Amino acid sequence: MVYAVIRTGGKQYKVAPQDVLQIEKIEGAAGDSVNFAEVLALGGGEGEPKFGVPLVSGAAVSAEIVEQGKGPKVIIFKKRRRQNSRRRNGHRQFLTTVRIVDILTDGKAAPVKAVVEAPKAEAAPAEQAPKKAAKAKAAPAEGGEEAPKKPRAKKADKAE
């Protein structure tokens with residue numbers, strides 16, 4: 001039986017064809033196909049298992065979204081004893097149920113509507129650059145030039 005270890009939503013899952021599992025929410029509607037490109041290991045076929053460093057090159061896992069939903073309610077209860085301080089909070093995680101269709105070792109995947117790929121480290125700095133530019137100082141007043149900066153005040157010597 002062929003299996004793969006994939007990474008999605010910050011977690012790792014061991015999957016085989018026709019497995020149904022709940023993962024962190026990914027975009028898409030029921031019936032859409034997704035392709036997981038972060039394959040950490042392949043095994044169960046002929047020969048020894050293949051382990052990626054960190055990913056197995058050319059490997060992918062094809063899946064179909066079964067449904068979008070929420071997980072069970074988790075109650076967060078915080079109490080500080082003898083201080084009459086209690087806080088109660090709840091949380092329901094958004095989950096996606098997927099069915100594994102195929103494990104592809106050659107990287108040739110069927111056409112899919114959504115692809116879940118490895119995050120790119122270069123994308124984050126490019127997104128942050130416009131934010132820094134937006135925080136630029138306001139234009140100088142109608143006079144045209146900016147006022148010169150005042151020199152720093154010197155610290156007074158401590159009297160002994």
# chains A, B, ... in the order shown; residues from 1 in each chain; ligands from 1
call {"tool": "residues_around", "arguments": {"residues": "range 76-81 of chain A", "least_positions_apart": "4", "cutoff": "12 Å", "atoms": "only C-alpha atoms", "output": "ChimeraX atom specification"}}
result
/A:85-92
call {"tool": "residues_around", "arguments": {"residues": "range 4-12 of chain A", "least_positions_apart": "3", "cutoff": "10 Å", "atoms": "only C-alpha atoms", "output": "JSON, numbers by chain"}}
result
{"A": [15, 16, 17, 23, 24, 25, 26, 36, 37, 38, 39, 40, 41, 42, 43, 44, 49, 50, 51, 55, 56, 59, 60, 61, 103, 104, 105, 116, 117, 118]}
call {"tool": "write_last_selection", "arguments": {"atoms": "N, CA and C atoms", "output": "mmCIF file, in the first residue's frame"}}
result
data_model
loop_
_atom_site.group_PDB
_atom_site.id
_atom_site.type_symbol
_atom_site.label_atom_id
_atom_site.label_comp_id
_atom_site.auth_asym_id
_atom_site.auth_seq_id
_atom_site.Cartn_x
_atom_site.Cartn_y
_atom_site.Cartn_z
ATOM 1 N N VAL A 15 -0.866 9.830 4.725
ATOM 2 C CA VAL A 15 -2.065 9.608 3.914
ATOM 3 C C VAL A 15 -1.834 8.485 2.919
ATOM 4 N N ALA A 16 -2.918 7.842 2.535
ATOM 5 C CA ALA A 16 -2.928 6.812 1.503
ATOM 6 C C ALA A 16 -4.128 7.087 0.604
ATOM 7 N N PRO A 17 -4.158 6.546 -0.602
ATOM 8 C CA PRO A 17 -5.309 6.777 -1.479
ATOM 9 C C PRO A 17 -6.622 6.351 -0.818
ATOM 10 N N ILE A 23 -8.380 18.576 7.920
ATOM 11 C CA ILE A 23 -7.181 19.397 7.998
ATOM 12 C C ILE A 23 -7.584 20.837 8.277
ATOM 13 N N GLU A 24 -6.589 21.694 8.542
ATOM 14 C CA GLU A 24 -6.865 23.119 8.718
ATOM 15 C C GLU A 24 -7.535 23.656 7.460
ATOM 16 N N LYS A 25 -8.345 24.675 7.610
ATOM 17 C CA LYS A 25 -9.139 25.200 6.488
ATOM 18 C C LYS A 25 -8.259 25.622 5.321
ATOM 19 N N ILE A 26 -8.660 25.179 4.122
ATOM 20 C CA ILE A 26 -8.060 25.648 2.883
ATOM 21 C C ILE A 26 -9.198 26.157 2.002
ATOM 22 N N PHE A 36 -1.456 18.874 -3.007
ATOM 23 C CA PHE A 36 -0.519 19.169 -1.935
ATOM 24 C C PHE A 36 0.890 18.921 -2.459
ATOM 25 N N ALA A 37 1.684 19.983 -2.543
ATOM 26 C CA ALA A 37 3.032 19.868 -3.091
ATOM 27 C C ALA A 37 4.076 19.614 -2.004
ATOM 28 N N GLU A 38 3.738 19.839 -0.732
ATOM 29 C CA GLU A 38 4.689 19.625 0.354
ATOM 30 C C GLU A 38 4.650 18.170 0.795
ATOM 31 N N VAL A 39 5.352 17.308 0.079
ATOM 32 C CA VAL A 39 5.422 15.882 0.401
ATOM 33 C C VAL A 39 6.758 15.642 1.085
ATOM 34 N N LEU A 40 6.716 15.178 2.340
ATOM 35 C CA LEU A 40 7.925 14.984 3.126
ATOM 36 C C LEU A 40 8.511 13.588 2.953
ATOM 37 N N ALA A 41 7.659 12.590 2.674
ATOM 38 C CA ALA A 41 8.142 11.215 2.534
ATOM 39 C C ALA A 41 7.165 10.420 1.677
ATOM 40 N N LEU A 42 7.693 9.410 0.988
ATOM 41 C CA LEU A 42 6.899 8.470 0.199
ATOM 42 C C LEU A 42 7.318 7.068 0.594
ATOM 43 N N GLY A 43 6.360 6.152 0.642
ATOM 44 C CA GLY A 43 6.720 4.780 0.994
ATOM 45 C C GLY A 43 5.651 3.807 0.592
ATOM 46 N N GLY A 44 5.926 2.517 0.846
ATOM 47 C CA GLY A 44 4.948 1.476 0.590
ATOM 48 C C GLY A 44 5.006 0.904 -0.805
ATOM 49 N N PRO A 49 11.531 3.400 1.458
ATOM 50 C CA PRO A 49 10.833 4.695 1.492
ATOM 51 C C PRO A 49 11.777 5.822 1.071
ATOM 52 N N LYS A 50 11.213 6.853 0.447
ATOM 53 C CA LYS A 50 11.985 8.032 0.052
ATOM 54 C C LYS A 50 11.664 9.166 1.019
ATOM 55 N N PHE A 51 12.716 9.776 1.565
ATOM 56 C CA PHE A 51 12.553 10.905 2.462
ATOM 57 C C PHE A 51 13.119 12.143 1.799
ATOM 58 N N LEU A 55 11.783 18.321 1.222
ATOM 59 C CA LEU A 55 10.648 17.816 0.451
ATOM 60 C C LEU A 55 11.126 16.821 -0.597
ATOM 61 N N VAL A 56 10.249 15.865 -0.950
ATOM 62 C CA VAL A 56 10.543 14.922 -2.021
ATOM 63 C C VAL A 56 10.291 15.645 -3.342
ATOM 64 N N ALA A 59 7.170 15.039 -6.218
ATOM 65 C CA ALA A 59 6.047 14.300 -5.626
ATOM 66 C C ALA A 59 4.907 15.256 -5.281
ATOM 67 N N ALA A 60 3.693 14.753 -5.393
ATOM 68 C CA ALA A 60 2.510 15.549 -5.052
ATOM 69 C C ALA A 60 1.401 14.596 -4.623
ATOM 70 N N VAL A 61 0.451 15.125 -3.876
ATOM 71 C CA VAL A 61 -0.709 14.351 -3.446
ATOM 72 C C VAL A 61 -1.945 15.082 -3.935
ATOM 73 N N ILE A 103 -1.615 9.554 -5.113
ATOM 74 C CA ILE A 103 -0.278 9.978 -4.708
ATOM 75 C C ILE A 103 0.589 9.921 -5.958
ATOM 76 N N LEU A 104 1.093 11.064 -6.373
ATOM 77 C CA LEU A 104 1.851 11.163 -7.615
ATOM 78 C C LEU A 104 3.339 11.282 -7.301
ATOM 79 N N THR A 105 4.129 10.370 -7.839
ATOM 80 C CA THR A 105 5.565 10.397 -7.579
ATOM 81 C C THR A 105 6.329 11.113 -8.670
ATOM 82 N N VAL A 116 -2.166 23.814 -3.172
ATOM 83 C CA VAL A 116 -1.569 24.177 -1.899
ATOM 84 C C VAL A 116 -0.092 23.873 -2.037
ATOM 85 N N GLU A 117 0.728 24.924 -2.133
ATOM 86 C CA GLU A 117 2.150 24.745 -2.365
ATOM 87 C C GLU A 117 2.942 25.169 -1.144
ATOM 88 N N ALA A 118 4.235 24.879 -1.215
ATOM 89 C CA ALA A 118 5.140 25.290 -0.150
ATOM 90 C C ALA A 118 5.181 26.817 -0.105
#
call {"tool": "closest_residue", "arguments": {"among": "A:Phe94, A:Arg82, A:Ser33, A:Gly47", "to": "Glu64 in chain A", "atoms": "only C-alpha atoms"}}
result
A:Ser33
call {"tool": "atom_distance", "arguments": {"atom1": "CA of Ala29 in chain A", "atom2": "CA of Glu67 in chain A"}}
result
7.2 Å
call {"tool": "residues_around", "arguments": {"residues": "Ala30 in chain A", "least_positions_apart": "4", "cutoff": "10 Å", "atoms": "only C-alpha atoms", "output": "PyMOL selection string"}}
result
chain A and resi 64-68+96-98
call {"tool": "closest_residue", "arguments": {"among": "A:Ala156, A:Ala147, A:Val74, A:Ala63", "to": "Ile100 in chain A", "atoms": "only C-alpha atoms"}}
result
A:Ala63
call {"tool": "atom_distance", "arguments": {"atom1": "CA of Lys70 in chain A", "atom2": "CA of Tyr3 in chain A"}}
result
26.9 Å
call {"tool": "atom_distance", "arguments": {"atom1": "CA of Leu21 in chain A", "atom2": "CA of Val53 in chain A"}}
result
25.2 Å
